[in-house]
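Working notes, beginning with the structure itself.
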Amino acid sequence: MAATTPRRAPGDTQKFRVEVGPSAIDGRGAFAAEAIPARRKIGEIRGEQISVREAQHRARGLARIMIVEISERRAIDASRSADPLRFTNHSCAPNTVLRIRQGRIELYAMRDLAAGEELTVHYGESHHRGRLACRCGAPRCSGRL
Ligand SMILES: [Zn+2]
């Protein structure tokens, strides 16, 4: 299943075209479909807003899940989101950074990105709590997710 973000009007949440494709890191990944300059907002990951307690319940036992905590109490479950950025894989040396702003999950380029590059983000403290092996391939990979 390939998903491509069409070019959209200014003011929309998705600023650059992103494609989903097979990833060398894990399963499928999100790839820049056009060049993205450093520090620009790439887009957002939207999903269902749930409580952190519900998020922890949902994450239990699942190997692949996309849940981001947006506050002490609230989280967004993007597991069924149509946004291609939800496929962004973890890397210990990422090229994008995730920012939580007013309850929204935004992804920004940390450096100039070329078309075709896989987008990666540091998941931070993940619900996997170090139980998954990291295969990001970065020289300083921590080995765990
Ligand atoms: Zn790693």
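Each chain of the structure tokens is named A, B, ... in the order shown, its residues numbered from 1; ligands are numbered from 1 in display order.
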
Find the residues near segment 102-106 of chain A: any atom within 8 Å, counting only C-alpha atoms, skip ones fewer than 5 places away on the same chain, and give them as a PDB file with all heavy atoms, in the first residue's frame.
ATOM      1  N   LYS A  41       8.913  22.855   8.725  1.00  0.00           N
ATOM      2  CA  LYS A  41       7.902  21.900   9.161  1.00  0.00           C
ATOM      3  C   LYS A  41       7.539  20.984   8.004  1.00  0.00           C
ATOM      4  O   LYS A  41       7.240  21.457   6.905  1.00  0.00           O
ATOM      5  CB  LYS A  41       6.652  22.645   9.646  1.00  0.00           C
ATOM      6  CG  LYS A  41       5.514  21.731  10.053  1.00  0.00           C
ATOM      7  CD  LYS A  41       4.322  22.535  10.531  1.00  0.00           C
ATOM      8  CE  LYS A  41       3.110  21.641  10.700  1.00  0.00           C
ATOM      9  NZ  LYS A  41       1.931  22.405  11.149  1.00  0.00           N
ATOM     10  N   ILE A  42       7.619  19.695   8.226  1.00  0.00           N
ATOM     11  CA  ILE A  42       7.297  18.728   7.171  1.00  0.00           C
ATOM     12  C   ILE A  42       5.793  18.461   7.157  1.00  0.00           C
ATOM     13  O   ILE A  42       5.162  18.419   6.108  1.00  0.00           O
ATOM     14  CB  ILE A  42       8.075  17.410   7.386  1.00  0.00           C
ATOM     15  CG1 ILE A  42       9.583  17.691   7.434  1.00  0.00           C
ATOM     16  CG2 ILE A  42       7.737  16.405   6.286  1.00  0.00           C
ATOM     17  CD1 ILE A  42      10.401  16.512   7.913  1.00  0.00           C
ATOM     18  N   GLY A  43       5.240  18.281   8.334  1.00  0.00           N
ATOM     19  CA  GLY A  43       3.812  18.010   8.414  1.00  0.00           C
ATOM     20  C   GLY A  43       3.440  17.585   9.819  1.00  0.00           C
ATOM     21  O   GLY A  43       4.222  17.765  10.750  1.00  0.00           O
ATOM     22  N   GLU A  44       2.251  17.038   9.940  1.00  0.00           N
ATOM     23  CA  GLU A  44       1.761  16.628  11.250  1.00  0.00           C
ATOM     24  C   GLU A  44       1.311  15.176  11.211  1.00  0.00           C
ATOM     25  O   GLU A  44       1.044  14.623  10.143  1.00  0.00           O
ATOM     26  CB  GLU A  44       0.574  17.499  11.677  1.00  0.00           C
ATOM     27  CG  GLU A  44       0.961  18.952  11.891  1.00  0.00           C
ATOM     28  CD  GLU A  44      -0.192  19.790  12.417  1.00  0.00           C
ATOM     29  OE1 GLU A  44      -1.210  19.208  12.857  1.00  0.00           O
ATOM     30  OE2 GLU A  44      -0.056  21.023  12.390  1.00  0.00           O
ATOM     31  N   ILE A  45       1.259  14.596  12.390  1.00  0.00           N
ATOM     32  CA  ILE A  45       0.708  13.258  12.532  1.00  0.00           C
ATOM     33  C   ILE A  45      -0.568  13.394  13.344  1.00  0.00           C
ATOM     34  O   ILE A  45      -0.525  13.757  14.511  1.00  0.00           O
ATOM     35  CB  ILE A  45       1.692  12.313  13.251  1.00  0.00           C
ATOM     36  CG1 ILE A  45       3.028  12.266  12.504  1.00  0.00           C
ATOM     37  CG2 ILE A  45       1.082  10.917  13.373  1.00  0.00           C
ATOM     38  CD1 ILE A  45       4.141  11.590  13.289  1.00  0.00           C
ATOM     39  N   ARG A  46      -1.674  13.159  12.677  1.00  0.00           N
ATOM     40  CA  ARG A  46      -2.945  13.283  13.373  1.00  0.00           C
ATOM     41  C   ARG A  46      -3.458  11.906  13.777  1.00  0.00           C
ATOM     42  O   ARG A  46      -3.034  10.906  13.233  1.00  0.00           O
ATOM     43  CB  ARG A  46      -3.966  13.989  12.478  1.00  0.00           C
ATOM     44  CG  ARG A  46      -3.593  15.456  12.242  1.00  0.00           C
ATOM     45  CD  ARG A  46      -4.284  16.033  11.049  1.00  0.00           C
ATOM     46  NE  ARG A  46      -3.842  15.375   9.816  1.00  0.00           N
ATOM     47  CZ  ARG A  46      -4.239  15.742   8.603  1.00  0.00           C
ATOM     48  NH1 ARG A  46      -5.091  16.725   8.451  1.00  0.00           N
ATOM     49  NH2 ARG A  46      -3.792  15.116   7.546  1.00  0.00           N
ATOM     50  N   VAL A  68       1.729   8.952  20.751  1.00  0.00           N
ATOM     51  CA  VAL A  68       2.579  10.043  21.226  1.00  0.00           C
ATOM     52  C   VAL A  68       1.850  10.750  22.361  1.00  0.00           C
ATOM     53  O   VAL A  68       0.683  11.125  22.215  1.00  0.00           O
ATOM     54  CB  VAL A  68       2.883  11.041  20.087  1.00  0.00           C
ATOM     55  CG1 VAL A  68       3.725  12.206  20.609  1.00  0.00           C
ATOM     56  CG2 VAL A  68       3.596  10.340  18.941  1.00  0.00           C
ATOM     57  N   ILE A  70       0.946  13.861  24.398  1.00  0.00           N
ATOM     58  CA  ILE A  70       0.964  15.293  24.102  1.00  0.00           C
ATOM     59  C   ILE A  70       0.878  16.135  25.373  1.00  0.00           C
ATOM     60  O   ILE A  70       1.038  17.345  25.331  1.00  0.00           O
ATOM     61  CB  ILE A  70      -0.180  15.669  23.125  1.00  0.00           C
ATOM     62  CG1 ILE A  70      -1.531  15.191  23.668  1.00  0.00           C
ATOM     63  CG2 ILE A  70       0.075  15.091  21.738  1.00  0.00           C
ATOM     64  CD1 ILE A  70      -2.721  15.680  22.858  1.00  0.00           C
ATOM     65  N   SER A  71       0.613  15.486  26.502  1.00  0.00           N
ATOM     66  CA  SER A  71       0.610  16.169  27.793  1.00  0.00           C
ATOM     67  C   SER A  71       0.717  15.092  28.860  1.00  0.00           C
ATOM     68  O   SER A  71       0.858  13.908  28.552  1.00  0.00           O
ATOM     69  CB  SER A  71      -0.671  16.986  27.975  1.00  0.00           C
ATOM     70  OG  SER A  71      -1.761  16.132  28.252  1.00  0.00           O
TER      71      SER A  71
END

Which residues are near ligand 1 - at most 6 Å, using only C-alpha atoms and all ligand atoms? Format: as an NGL selection string. :A and (91-92 or 134-136 or 138 or 141-143)

Name the residues of segment 1-143 of chain A that come out as alpha helix (DSSP H) in a backbone DSSP run; write them as JSON, numbers by chain. {"A": [52, 53, 54, 55, 56, 57, 58, 59]}

Using only C-alpha atoms, what does the table of segment 59-131 of chain A residues within 8 Å of segment 17-34 of chain A look like, with each row giving the shortest atom pair and its distance in Å to one decimal, sorted by chain and ascending number, as JSON lines?
{"residue": "A:Pro84", "atom": "CA", "partner": "A:Val20", "partner_atom": "CA", "distance": 5.9}
{"residue": "A:Leu85", "atom": "CA", "partner": "A:Ala30", "partner_atom": "CA", "distance": 5.8}
{"residue": "A:Arg86", "atom": "CA", "partner": "A:Ala30", "partner_atom": "CA", "distance": 7.6}
{"residue": "A:Phe87", "atom": "CA", "partner": "A:Gly29", "partner_atom": "CA", "distance": 4.9}
{"residue": "A:Thr88", "atom": "CA", "partner": "A:Ala30", "partner_atom": "CA", "distance": 4.9}
{"residue": "A:Asn89", "atom": "CA", "partner": "A:Gly29", "partner_atom": "CA", "distance": 5.9}
{"residue": "A:Leu113", "atom": "CA", "partner": "A:Ala32", "partner_atom": "CA", "distance": 7.3}
{"residue": "A:Ala114", "atom": "CA", "partner": "A:Glu34", "partner_atom": "CA", "distance": 6.7}
{"residue": "A:Ala115", "atom": "CA", "partner": "A:Glu34", "partner_atom": "CA", "distance": 4.2}
{"residue": "A:Gly116", "atom": "CA", "partner": "A:Ala32", "partner_atom": "CA", "distance": 5.3}
{"residue": "A:Glu117", "atom": "CA", "partner": "A:Phe31", "partner_atom": "CA", "distance": 5.5}
{"residue": "A:Glu118", "atom": "CA", "partner": "A:Phe31", "partner_atom": "CA", "distance": 4.2}
{"residue": "A:Leu119", "atom": "CA", "partner": "A:Phe31", "partner_atom": "CA", "distance": 5.4}
{"residue": "A:Thr120", "atom": "CA", "partner": "A:Ala30", "partner_atom": "CA", "distance": 7.9}

Chain A: residues DSSP assigns to strand (DSSP E), reported as a ChimeraX atom specification: /A:18-22,28-32,41-45,48-51,67-69,74-77,89-90,96-101,104-109,120-121
